[in-house]
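Notes to accompany the following structure.
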Amino acid sequence: MKYYYSLIFISFFLFISVNIYCQKLEISGTVFEDFNNNKVQDYGEKGVQNVVVSDQHNTTITDENGDFKLQSNHDFPYIFISQPSGYLGKFYTLKSSEVNFPIQKTEIQKHFKFIHASDTHIDSLNLSRMGRFRKLSDSIGVDFIIISGDLIRDALRVNEETARNYYEMYLNEIEKFKIPVYSGMGNHEIFGIERDKSMISKNHPLYGKNMYRHFLGPNYYSFNYGGIHFIAIDAVNYQDLYYYGGVDSAQLNWLEGDLKYVPLNTPIVTFNHIPFISQGFSFMRFDNDIFYGPQLLLQDGRLEHRHIVYNFNKVQKIIGNRPFPLALSGHYHAAQESVIINSNTKFAQTSAITRPDKSVYNGFSIRSGFTLYEVKDGKVVSSKFISLNFLN
């Protein structure tokens with residue numbers, strides 16, 4: 001009889017859990033100008049209209065009072081806004097039935113500079129390199145920094161304590177910058193999937209991309225600056241023990257919803273870790289397939305190279321005929337650019353912040369560093385590679 005009642009209880013618990021999980025949560029809130037930066041909408045602090053709000057799946061837009069309502073029916077833990085031009089503030093918060101976004105108004109910059117960096121691979125030995133990177137960015141005078149993945153030394157092959165330490169170290173470093181830093185997901189941020197080395201279970205609550213979300217929030221998002229719509233794309237996926245370049249269907253659905261509210265003439269700049277297009281395959285050839293895994297994986301019935309985003313054509317289709325001047329990426333630790341004939345998009349990979357400062361690979365001399373971009377009136381007018389110039 002006790003066994004019978006236990007079965008009834010478990011069945012009831014599962015029924016309630018499934019219904020709670022599947023039930024839509026209506027989220028409401030306001031995006032407002034927080035003049036005094038106290039995180040509360042005080043008298044006279046107006047709402048900001050036409051701000052896109054999302055839960056990484058569904059999207060909506062604020063009304064003339066800055067208010068919004070969003071129906072959410074999946075397990076992504078965050079609500080975030082597509083930061084509008086001329087505003088700054090924390091762009092994401094934990095999901096609940098009511099969330100507000102206090103943002104601070106700034107001048108809309110028609111002429112600005114930003115840095116694209118990548119592959120910081122934070123560990124104790126790279127802290128001095130991050131210090132050098134901060135000094136250089138301060139001396140140049142830029143408006144913000146993009147770091148397109150492989151932020152930490154490794155979460156793929158290590159235990160939870162080691163991975164957490166790397167994430168905490170990265171957060172501590174980027175908090176030292178005086179300007180906004182926009183981080184992106186890299187393959188080294190995926191926790192524990194090389195289970196033969198990490199000894200982590202698939203059932204671990206931080207497994208896969210959950211650790212990134214725990215420390216850094218949404219693994220894909222967008223923001224607006226100076227008339228350009230910047231999109232952080234999570235272009236790393238994984239199957240069994242191996243990561244590969246790809247954009248999943250949930251994110252493609254989000255991207256379509258995000259761009260629905262962006263004027264067709266607004267330029268798009270994407271940044272992701274594994275490149276959409278690159279001529280630099282030779283930089284990602286590993287001699288030890290037993291440790292690093294195969295270079296080709298089966299995707300949609302075809303063998304695809306792991307170190308290129310195999311389904312970029314789907315991203316491209318959603319972007320459509322919008323101006324798309326720049327697609328930024330990292331991963332190869334080498335600065336290089338690719339241009340397709342009859343395309344106006346420049347596919348630009350930057351080098352790495354991580355050590356060594358200088359190396360030779362397959363006959364190519366590679367320097368550690370980052371890329372500086374200048375934008376004027378919605379157009380990317382210049383780019384310059386800057387060596388970190390830090391000798392080990």
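Every chain in the structure tokens takes a letter, A first, then B, and so on in the order presented; its residues are numbered from 1, and the ligands are numbered from 1 following the presented order.
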To test your reading of the structure, identify every residue in region 175-326 of chain A that backbone DSSP assigns to helix (DSSP H, G or I), and report it as a ChimeraX atom specification. /A:187-189,195-198,210-216,249-259,281-284,289-292,312-319
Could those selected residues go to a file with N, CA and C atoms, as a CSV table (one decimal), in the first residue's frame?
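Saved to result_19.csv:
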chain,number,residue,atom,x,y,z
A,187,ASN,N,34.0,28.3,-27.4
A,187,ASN,CA,34.0,26.9,-27.2
A,187,ASN,C,34.6,26.6,-25.8
A,188,HIS,N,35.6,27.3,-25.3
A,188,HIS,CA,36.2,27.0,-24.0
A,188,HIS,C,35.3,27.4,-22.9
A,189,GLU,N,34.2,28.1,-23.1
A,189,GLU,CA,33.2,28.4,-22.0
A,189,GLU,C,32.2,27.3,-21.8
A,195,ARG,N,33.7,14.8,-21.4
A,195,ARG,CA,33.5,14.1,-20.1
A,195,ARG,C,34.6,13.1,-19.8
A,196,ASP,N,35.3,12.6,-20.9
A,196,ASP,CA,36.4,11.7,-20.6
A,196,ASP,C,37.5,12.3,-19.9
A,197,LYS,N,37.6,13.7,-20.0
A,197,LYS,CA,38.6,14.4,-19.3
A,197,LYS,C,38.1,15.2,-18.0
A,198,SER,N,36.9,15.8,-18.2
A,198,SER,CA,36.4,16.5,-17.0
A,198,SER,C,35.7,15.7,-16.0
A,210,ASN,N,25.2,26.2,-19.4
A,210,ASN,CA,24.6,26.7,-18.2
A,210,ASN,C,25.6,27.5,-17.3
A,211,MET,N,26.8,27.1,-17.3
A,211,MET,CA,27.8,27.8,-16.5
A,211,MET,C,28.0,29.2,-17.1
A,212,TYR,N,28.1,29.3,-18.4
A,212,TYR,CA,28.2,30.7,-19.0
A,212,TYR,C,27.1,31.6,-18.5
A,213,ARG,N,25.8,31.0,-18.7
A,213,ARG,CA,24.7,31.8,-18.3
A,213,ARG,C,24.7,32.2,-16.8
A,214,HIS,N,25.2,31.3,-16.0
A,214,HIS,CA,25.2,31.5,-14.5
A,214,HIS,C,26.1,32.7,-14.2
A,215,PHE,N,27.2,32.8,-14.9
A,215,PHE,CA,28.2,33.9,-14.6
A,215,PHE,C,28.0,35.2,-15.5
A,216,LEU,N,27.6,35.0,-16.7
A,216,LEU,CA,27.6,36.1,-17.7
A,216,LEU,C,26.3,36.5,-18.3
A,249,SER,N,18.5,26.2,-33.5
A,249,SER,CA,17.2,26.7,-34.0
A,249,SER,C,16.5,27.7,-33.1
A,250,ALA,N,16.7,27.5,-31.8
A,250,ALA,CA,16.2,28.5,-30.8
A,250,ALA,C,16.7,29.9,-31.0
A,251,GLN,N,18.1,29.9,-31.3
A,251,GLN,CA,18.7,31.2,-31.5
A,251,GLN,C,18.3,31.8,-32.9
A,252,LEU,N,18.2,31.0,-33.9
A,252,LEU,CA,17.7,31.5,-35.2
A,252,LEU,C,16.3,32.1,-35.1
A,253,ASN,N,15.5,31.4,-34.3
A,253,ASN,CA,14.1,32.0,-34.0
A,253,ASN,C,14.2,33.3,-33.3
A,254,TRP,N,15.1,33.4,-32.3
A,254,TRP,CA,15.3,34.7,-31.6
A,254,TRP,C,15.8,35.8,-32.5
A,255,LEU,N,16.8,35.4,-33.4
A,255,LEU,CA,17.4,36.4,-34.3
A,255,LEU,C,16.3,37.0,-35.2
A,256,GLU,N,15.4,36.2,-35.7
A,256,GLU,CA,14.3,36.7,-36.5
A,256,GLU,C,13.5,37.6,-35.8
A,257,GLY,N,13.1,37.3,-34.5
A,257,GLY,CA,12.3,38.2,-33.7
A,257,GLY,C,13.0,39.5,-33.4
A,258,ASP,N,14.3,39.4,-33.1
A,258,ASP,CA,15.1,40.6,-32.8
A,258,ASP,C,15.2,41.6,-33.9
A,259,LEU,N,15.4,41.0,-35.1
A,259,LEU,CA,15.6,41.9,-36.3
A,259,LEU,C,14.2,42.4,-36.8
A,281,PHE,N,41.8,27.8,-42.4
A,281,PHE,CA,41.6,26.4,-41.9
A,281,PHE,C,42.9,25.8,-41.4
A,282,SER,N,44.1,26.2,-42.0
A,282,SER,CA,45.4,25.7,-41.6
A,282,SER,C,45.7,26.0,-40.1
A,283,PHE,N,45.1,27.1,-39.6
A,283,PHE,CA,45.4,27.4,-38.2
A,283,PHE,C,44.7,26.5,-37.2
A,284,MET,N,43.7,25.7,-37.7
A,284,MET,CA,42.9,24.9,-36.8
A,284,MET,C,43.1,23.4,-37.1
A,289,ASP,N,44.3,13.9,-32.9
A,289,ASP,CA,42.9,13.8,-32.9
A,289,ASP,C,42.4,13.0,-31.7
A,290,ILE,N,43.2,12.2,-31.1
A,290,ILE,CA,42.8,11.4,-30.0
A,290,ILE,C,42.4,12.4,-28.8
A,291,PHE,N,43.2,13.4,-28.6
A,291,PHE,CA,42.9,14.4,-27.5
A,291,PHE,C,41.9,15.4,-28.0
A,292,TYR,N,42.1,16.0,-29.1
A,292,TYR,CA,41.3,17.2,-29.5
A,292,TYR,C,40.0,16.8,-30.3
A,312,PHE,N,25.8,28.9,-41.5
A,312,PHE,CA,25.8,30.4,-41.7
A,312,PHE,C,24.8,30.8,-42.7
A,313,ASN,N,24.5,30.0,-43.7
A,313,ASN,CA,23.5,30.4,-44.7
A,313,ASN,C,22.1,30.7,-44.0
A,314,LYS,N,21.8,30.0,-42.9
A,314,LYS,CA,20.5,30.3,-42.2
A,314,LYS,C,20.5,31.6,-41.6
A,315,VAL,N,21.7,32.0,-41.0
A,315,VAL,CA,21.8,33.3,-40.4
A,315,VAL,C,21.7,34.4,-41.5
A,316,GLN,N,22.4,34.1,-42.6
A,316,GLN,CA,22.5,35.0,-43.7
A,316,GLN,C,21.0,35.3,-44.3
A,317,LYS,N,20.3,34.2,-44.3
A,317,LYS,CA,18.9,34.3,-44.8
A,317,LYS,C,18.0,35.2,-44.0
A,318,ILE,N,18.2,35.1,-42.6
A,318,ILE,CA,17.4,36.0,-41.7
A,318,ILE,C,17.9,37.4,-41.8
A,319,ILE,N,19.2,37.7,-41.9
A,319,ILE,CA,19.7,39.1,-42.1
A,319,ILE,C,19.2,39.6,-43.4
Would you list, as a ChimeraX atom specification, the residues of region 189-296 of chain A that end up in strand (DSSP E) under DSSP run on this structure's backbone? /A:221-225,228-232,236-239,242-245,268-271,296
Coordinates-based distance that separates CA of Pro77 (chain A) from CA of Glu160 (chain A) (Å, one decimal): 20.3 Å
Region 312-353 of chain A residues near region 383-390 of chain A within 12 Å, closest pair each, using only C-alpha atoms, as a Markdown table:
| residue | atom | partner | partner_atom | distance |
| --- | --- | --- | --- | --- |
| A:Leu326 | CA | A:Ser383 | CA | 10.9 |
| A:Leu328 | CA | A:Ser383 | CA | 11.9 |
| A:Ala334 | CA | A:Phe385 | CA | 10.7 |
| A:Ala335 | CA | A:Phe385 | CA | 7.7 |
| A:Gln336 | CA | A:Phe385 | CA | 9.8 |
| A:Glu337 | CA | A:Ser383 | CA | 11.0 |
| A:Lys346 | CA | A:Ser383 | CA | 11.2 |
| A:Ala348 | CA | A:Ser383 | CA | 10.0 |
| A:Gln349 | CA | A:Phe385 | CA | 10.5 |
| A:Thr350 | CA | A:Phe385 | CA | 7.9 |
| A:Ser351 | CA | A:Phe385 | CA | 8.6 |
| A:Ala352 | CA | A:Leu388 | CA | 9.2 |
| A:Ile353 | CA | A:Leu388 | CA | 7.3 |
